[in-house]
file my_file07.cif (mmCIF, C-alpha atoms)
data_upload
#
loop_
_atom_site.group_PDB
_atom_site.id
_atom_site.type_symbol
_atom_site.label_atom_id
_atom_site.label_comp_id
_atom_site.auth_asym_id
_atom_site.auth_seq_id
_atom_site.Cartn_x
_atom_site.Cartn_y
_atom_site.Cartn_z
ATOM 1 C CA MET A 1 -11.689 0.476 -0.215
ATOM 2 C CA ILE A 2 -9.843 -2.819 -0.349
ATOM 3 C CA VAL A 3 -6.419 -3.139 -1.953
ATOM 4 C CA ARG A 4 -5.722 -6.707 -2.969
ATOM 5 C CA ALA A 5 -2.351 -8.138 -4.055
ATOM 6 C CA LYS A 6 -0.353 -11.338 -4.336
ATOM 7 C CA TYR A 7 1.635 -10.330 -1.256
ATOM 8 C CA ILE A 8 0.773 -7.915 1.561
ATOM 9 C CA VAL A 9 3.720 -7.144 3.842
ATOM 10 C CA PRO A 10 2.531 -5.051 6.799
ATOM 11 C CA ASP A 11 5.712 -5.449 8.875
ATOM 12 C CA SER A 12 9.146 -7.030 8.710
ATOM 13 C CA ARG A 13 7.932 -10.441 9.932
ATOM 14 C CA THR A 14 4.562 -10.917 8.241
ATOM 15 C CA VAL A 15 3.773 -11.833 4.638
ATOM 16 C CA ASN A 16 0.146 -12.409 3.690
ATOM 17 C CA GLU A 17 0.005 -14.326 0.416
ATOM 18 C CA ASN A 18 -3.150 -13.496 -1.562
ATOM 19 C CA GLY A 19 -3.657 -10.681 0.914
ATOM 20 C CA ALA A 20 -5.717 -7.551 1.229
ATOM 21 C CA VAL A 21 -5.774 -4.243 3.067
ATOM 22 C CA PHE A 22 -8.979 -2.449 4.058
ATOM 23 C CA LEU A 23 -8.579 1.334 3.982
ATOM 24 C CA CYS A 24 -10.926 4.019 5.242
ATOM 25 C CA GLN A 25 -10.223 7.727 4.765
ATOM 26 C CA SER A 26 -6.554 7.048 3.941
ATOM 27 C CA LYS A 27 -6.047 4.951 7.079
ATOM 28 C CA VAL A 28 -5.214 1.260 7.246
ATOM 29 C CA VAL A 29 -8.064 -0.385 9.141
ATOM 30 C CA ALA A 30 -7.262 -4.071 8.649
ATOM 31 C CA VAL A 31 -4.653 -6.284 6.991
ATOM 32 C CA GLY A 32 -5.011 -9.986 6.302
ATOM 33 C CA THR A 33 -5.702 -12.569 3.659
ATOM 34 C CA TRP A 34 -8.208 -11.845 0.910
ATOM 35 C CA THR A 35 -10.528 -14.445 2.457
ATOM 36 C CA GLU A 36 -10.443 -12.721 5.866
ATOM 37 C CA ILE A 37 -10.810 -9.153 4.593
ATOM 38 C CA SER A 38 -13.504 -9.895 1.981
ATOM 39 C CA ALA A 39 -15.577 -11.758 4.579
ATOM 40 C CA THR A 40 -15.397 -8.835 7.007
ATOM 41 C CA PHE A 41 -15.612 -5.681 4.857
ATOM 42 C CA PRO A 42 -17.661 -4.613 1.806
ATOM 43 C CA VAL A 43 -16.133 -5.667 -1.518
ATOM 44 C CA ASP A 44 -17.806 -3.045 -3.715
ATOM 45 C CA ASN A 45 -14.575 -1.014 -4.101
ATOM 46 C CA VAL A 46 -11.538 -3.259 -4.727
ATOM 47 C CA LEU A 47 -8.238 -2.254 -6.293
ATOM 48 C CA ASP A 48 -6.580 -5.476 -7.489
ATOM 49 C CA MET A 49 -2.819 -4.949 -7.780
ATOM 50 C CA GLY A 50 -2.281 -8.409 -9.280
ATOM 51 C CA SER A 51 1.098 -9.952 -8.509
ATOM 52 C CA ALA A 52 2.414 -6.840 -6.734
ATOM 53 C CA VAL A 53 3.888 -6.612 -3.259
ATOM 54 C CA VAL A 54 1.969 -4.039 -1.192
ATOM 55 C CA MET A 55 3.580 -2.658 1.959
ATOM 56 C CA PRO A 56 0.921 -0.537 3.697
ATOM 57 C CA GLY A 57 2.182 2.162 5.992
ATOM 58 C CA TRP A 58 5.867 1.677 5.241
ATOM 59 C CA VAL A 59 7.936 4.819 4.870
ATOM 60 C CA ASN A 60 11.410 4.758 3.376
ATOM 61 C CA ALA A 61 13.094 7.262 5.683
ATOM 62 C CA HIS A 62 16.743 6.559 4.909
ATOM 63 C CA THR A 63 18.938 8.797 2.794
ATOM 64 C CA HIS A 64 22.311 8.825 1.080
ATOM 65 C CA LEU A 65 24.083 12.146 1.563
ATOM 66 C CA GLU A 66 26.278 11.548 -1.468
ATOM 67 C CA LEU A 67 23.132 11.721 -3.643
ATOM 68 C CA THR A 68 21.907 15.132 -2.452
ATOM 69 C CA ASN A 69 23.202 16.715 -5.642
ATOM 70 C CA LEU A 70 20.494 14.731 -7.488
ATOM 71 C CA HIS A 71 17.685 16.312 -5.458
ATOM 72 C CA ASP A 72 16.428 18.545 -8.296
ATOM 73 C CA LEU A 73 16.540 15.669 -10.774
ATOM 74 C CA ALA A 74 14.513 13.463 -8.442
ATOM 75 C CA LYS A 75 11.837 16.156 -8.082
ATOM 76 C CA GLN A 76 11.329 16.131 -11.857
ATOM 77 C CA LYS A 77 10.609 12.392 -12.060
ATOM 78 C CA LYS A 78 7.880 10.428 -10.343
ATOM 79 C CA THR A 79 9.260 7.001 -9.553
ATOM 80 C CA ILE A 80 7.029 5.930 -6.678
ATOM 81 C CA HIS A 81 3.322 5.456 -7.164
ATOM 82 C CA ARG A 82 1.138 6.277 -4.208
ATOM 83 C CA LEU A 83 -2.592 5.845 -3.801
ATOM 84 C CA ASP A 84 -4.540 9.044 -3.183
ATOM 85 C CA LEU A 85 -7.325 7.881 -0.894
ATOM 86 C CA ALA A 86 -8.213 11.174 0.768
ATOM 87 C CA GLY A 87 -11.680 11.189 -0.803
ATOM 88 C CA CYS A 88 -12.342 7.496 -0.256
ATOM 89 C CA ASN A 89 -15.778 6.638 1.089
ATOM 90 C CA CYS A 90 -15.744 3.503 3.184
#
call {"tool": "encode", "arguments": {"input": "my_file07.cif", "output": "structure tokens"}}
result
Amino acid sequence: MIVRAKYIVPDSRTVNENGAVFLCQSKVVAVGTWTEISATFPVDNVLDMGSAVVMPGWVNAHTHLELTNLHDLAKQKKTIHRLDLAGCNC
């Protein structure tokens, strides 16, 4: 599967405008521009995220202890969308 977006930000120093990420079995295989990725990998399964910023592999691991009382409220709401690619055939 290829995820395509206006910006792909794989690390804190790289921004690929009109970028893409090739994923296989929930793993990031390659990151680059759409031109690079589409020339290298099959384009039969593309998720176009439009003008979004995609940050593959980033995990927000910080916390604010003063917000722990909101833990139950946060569990009730889904605010972050994640791709479920476990069954992806590449």
call {"tool": "atom_distance", "arguments": {"input": "my_file07.cif", "atom1": "atom CA of A:Trp34", "atom2": "atom CA of A:Val59"}}
result
23.5 Å
call {"tool": "axis_aligned_box", "arguments": {"input": "my_file07.cif", "around": "stretch 44-53 of chain A", "padding_each_side": "4 Å", "output": "lines of an AutoDock Vina configuration file"}}
result
center_x = -7.0
center_y = -5.5
center_z = -6.3
size_x = 29.7
size_y = 16.9
size_z = 14.0
call {"tool": "closest_residue", "arguments": {"input": "my_file07.cif", "among": "A:Leu47, A:Val9, A:Val53, A:Met1", "to": "A:Gly32", "atoms": "all atoms listed in the file"}}
result
A:Val9
call {"tool": "resolve_selection", "arguments": {"input": "my_file07.cif", "expression": "the PyMOL selection byres ((chain A and resi 15) around 10)", "output": "ChimeraX atom specification"}}
result
/A:6-14,16-19,32-33,53-55
call {"tool": "atom_distance", "arguments": {"input": "my_file07.cif", "atom1": "atom CA of A:Ile2", "atom2": "atom CA of A:Ile37"}}
result
8.1 Å
call {"tool": "residues_around", "arguments": {"input": "my_file07.cif", "residues": "A:Val29", "least_positions_apart": "5", "cutoff": "12 Å", "atoms": "only C-alpha atoms", "output": "VMD selection string"}}
result
chain A and resid 1 to 3 10 20 to 24 37 40 to 41 56 to 57 90
call {"tool": "atom_distance", "arguments": {"input": "my_file07.cif", "atom1": "atom CA of A:Thr35", "atom2": "atom CA of A:Arg4"}}
result
10.6 Å
call {"tool": "resolve_selection", "arguments": {"input": "my_file07.cif", "expression": "the PyMOL selection byres ((chain A and resi 50) around 8)", "output": "list in words"}}
result
Arg4, Ala5, Lys6, Asp48, Met49, Ser51 and Ala52 of chain A
call {"tool": "build_atoms", "arguments": {"input": "my_file07.cif", "residues": "stretch 35-60 of chain A", "atoms": "N, CA and C atoms", "output": "compact mmCIF listing (two decimals), keeping the file's coordinate frame"}}
result
# COMPACT_ATOMS: atom_id res chain seq x y z
N THR A 35 -9.38 -13.74 1.88
CA THR A 35 -10.53 -14.44 2.46
C THR A 35 -11.00 -13.75 3.73
N GLU A 36 -10.08 -13.39 4.61
CA GLU A 36 -10.44 -12.72 5.87
C GLU A 36 -11.05 -11.34 5.63
N ILE A 37 -10.37 -10.54 4.81
CA ILE A 37 -10.81 -9.15 4.59
C ILE A 37 -12.13 -9.11 3.83
N SER A 38 -12.27 -9.93 2.78
CA SER A 38 -13.50 -9.90 1.98
C SER A 38 -14.71 -10.43 2.75
N ALA A 39 -14.48 -11.26 3.75
CA ALA A 39 -15.58 -11.76 4.58
C ALA A 39 -16.02 -10.74 5.63
N THR A 40 -15.14 -9.79 5.93
CA THR A 40 -15.40 -8.84 7.01
C THR A 40 -15.86 -7.47 6.51
N PHE A 41 -15.36 -7.03 5.35
CA PHE A 41 -15.61 -5.68 4.86
C PHE A 41 -16.29 -5.72 3.49
N PRO A 42 -16.99 -4.64 3.11
CA PRO A 42 -17.66 -4.61 1.81
C PRO A 42 -16.67 -4.70 0.65
N VAL A 43 -17.03 -5.44 -0.38
CA VAL A 43 -16.13 -5.67 -1.52
C VAL A 43 -16.58 -4.90 -2.76
N ASP A 44 -17.32 -3.81 -2.57
CA ASP A 44 -17.81 -3.04 -3.72
C ASP A 44 -16.75 -2.12 -4.30
N ASN A 45 -15.64 -1.89 -3.61
CA ASN A 45 -14.58 -1.01 -4.10
C ASN A 45 -13.23 -1.70 -3.85
N VAL A 46 -12.77 -2.47 -4.86
CA VAL A 46 -11.54 -3.26 -4.73
C VAL A 46 -10.55 -2.83 -5.80
N LEU A 47 -9.34 -2.53 -5.38
CA LEU A 47 -8.24 -2.25 -6.29
C LEU A 47 -7.35 -3.48 -6.30
N ASP A 48 -7.37 -4.25 -7.38
CA ASP A 48 -6.58 -5.48 -7.49
C ASP A 48 -5.23 -5.14 -8.11
N MET A 49 -4.17 -5.27 -7.33
CA MET A 49 -2.82 -4.95 -7.78
C MET A 49 -2.11 -6.15 -8.39
N GLY A 50 -2.85 -7.23 -8.61
CA GLY A 50 -2.28 -8.41 -9.28
C GLY A 50 -1.16 -9.06 -8.50
N SER A 51 -0.02 -9.24 -9.14
CA SER A 51 1.10 -9.95 -8.51
C SER A 51 2.04 -9.02 -7.74
N ALA A 52 1.58 -7.82 -7.43
CA ALA A 52 2.41 -6.84 -6.73
C ALA A 52 2.65 -7.21 -5.27
N VAL A 53 3.65 -6.57 -4.69
CA VAL A 53 3.89 -6.61 -3.26
C VAL A 53 3.43 -5.26 -2.71
N VAL A 54 2.48 -5.27 -1.79
CA VAL A 54 1.97 -4.04 -1.19
C VAL A 54 2.46 -3.99 0.25
N MET A 55 3.05 -2.85 0.61
CA MET A 55 3.58 -2.66 1.96
C MET A 55 2.89 -1.46 2.60
N PRO A 56 1.69 -1.66 3.16
CA PRO A 56 0.92 -0.54 3.70
C PRO A 56 1.59 0.11 4.90
N GLY A 57 1.65 1.42 4.86
CA GLY A 57 2.18 2.16 5.99
C GLY A 57 3.69 2.26 6.07
N TRP A 58 4.41 1.62 5.18
CA TRP A 58 5.87 1.68 5.24
C TRP A 58 6.35 3.00 4.68
N VAL A 59 7.32 3.58 5.32
CA VAL A 59 7.94 4.82 4.87
C VAL A 59 9.43 4.58 4.75
N ASN A 60 9.97 4.89 3.59
CA ASN A 60 11.41 4.76 3.38
C ASN A 60 12.06 6.06 3.86
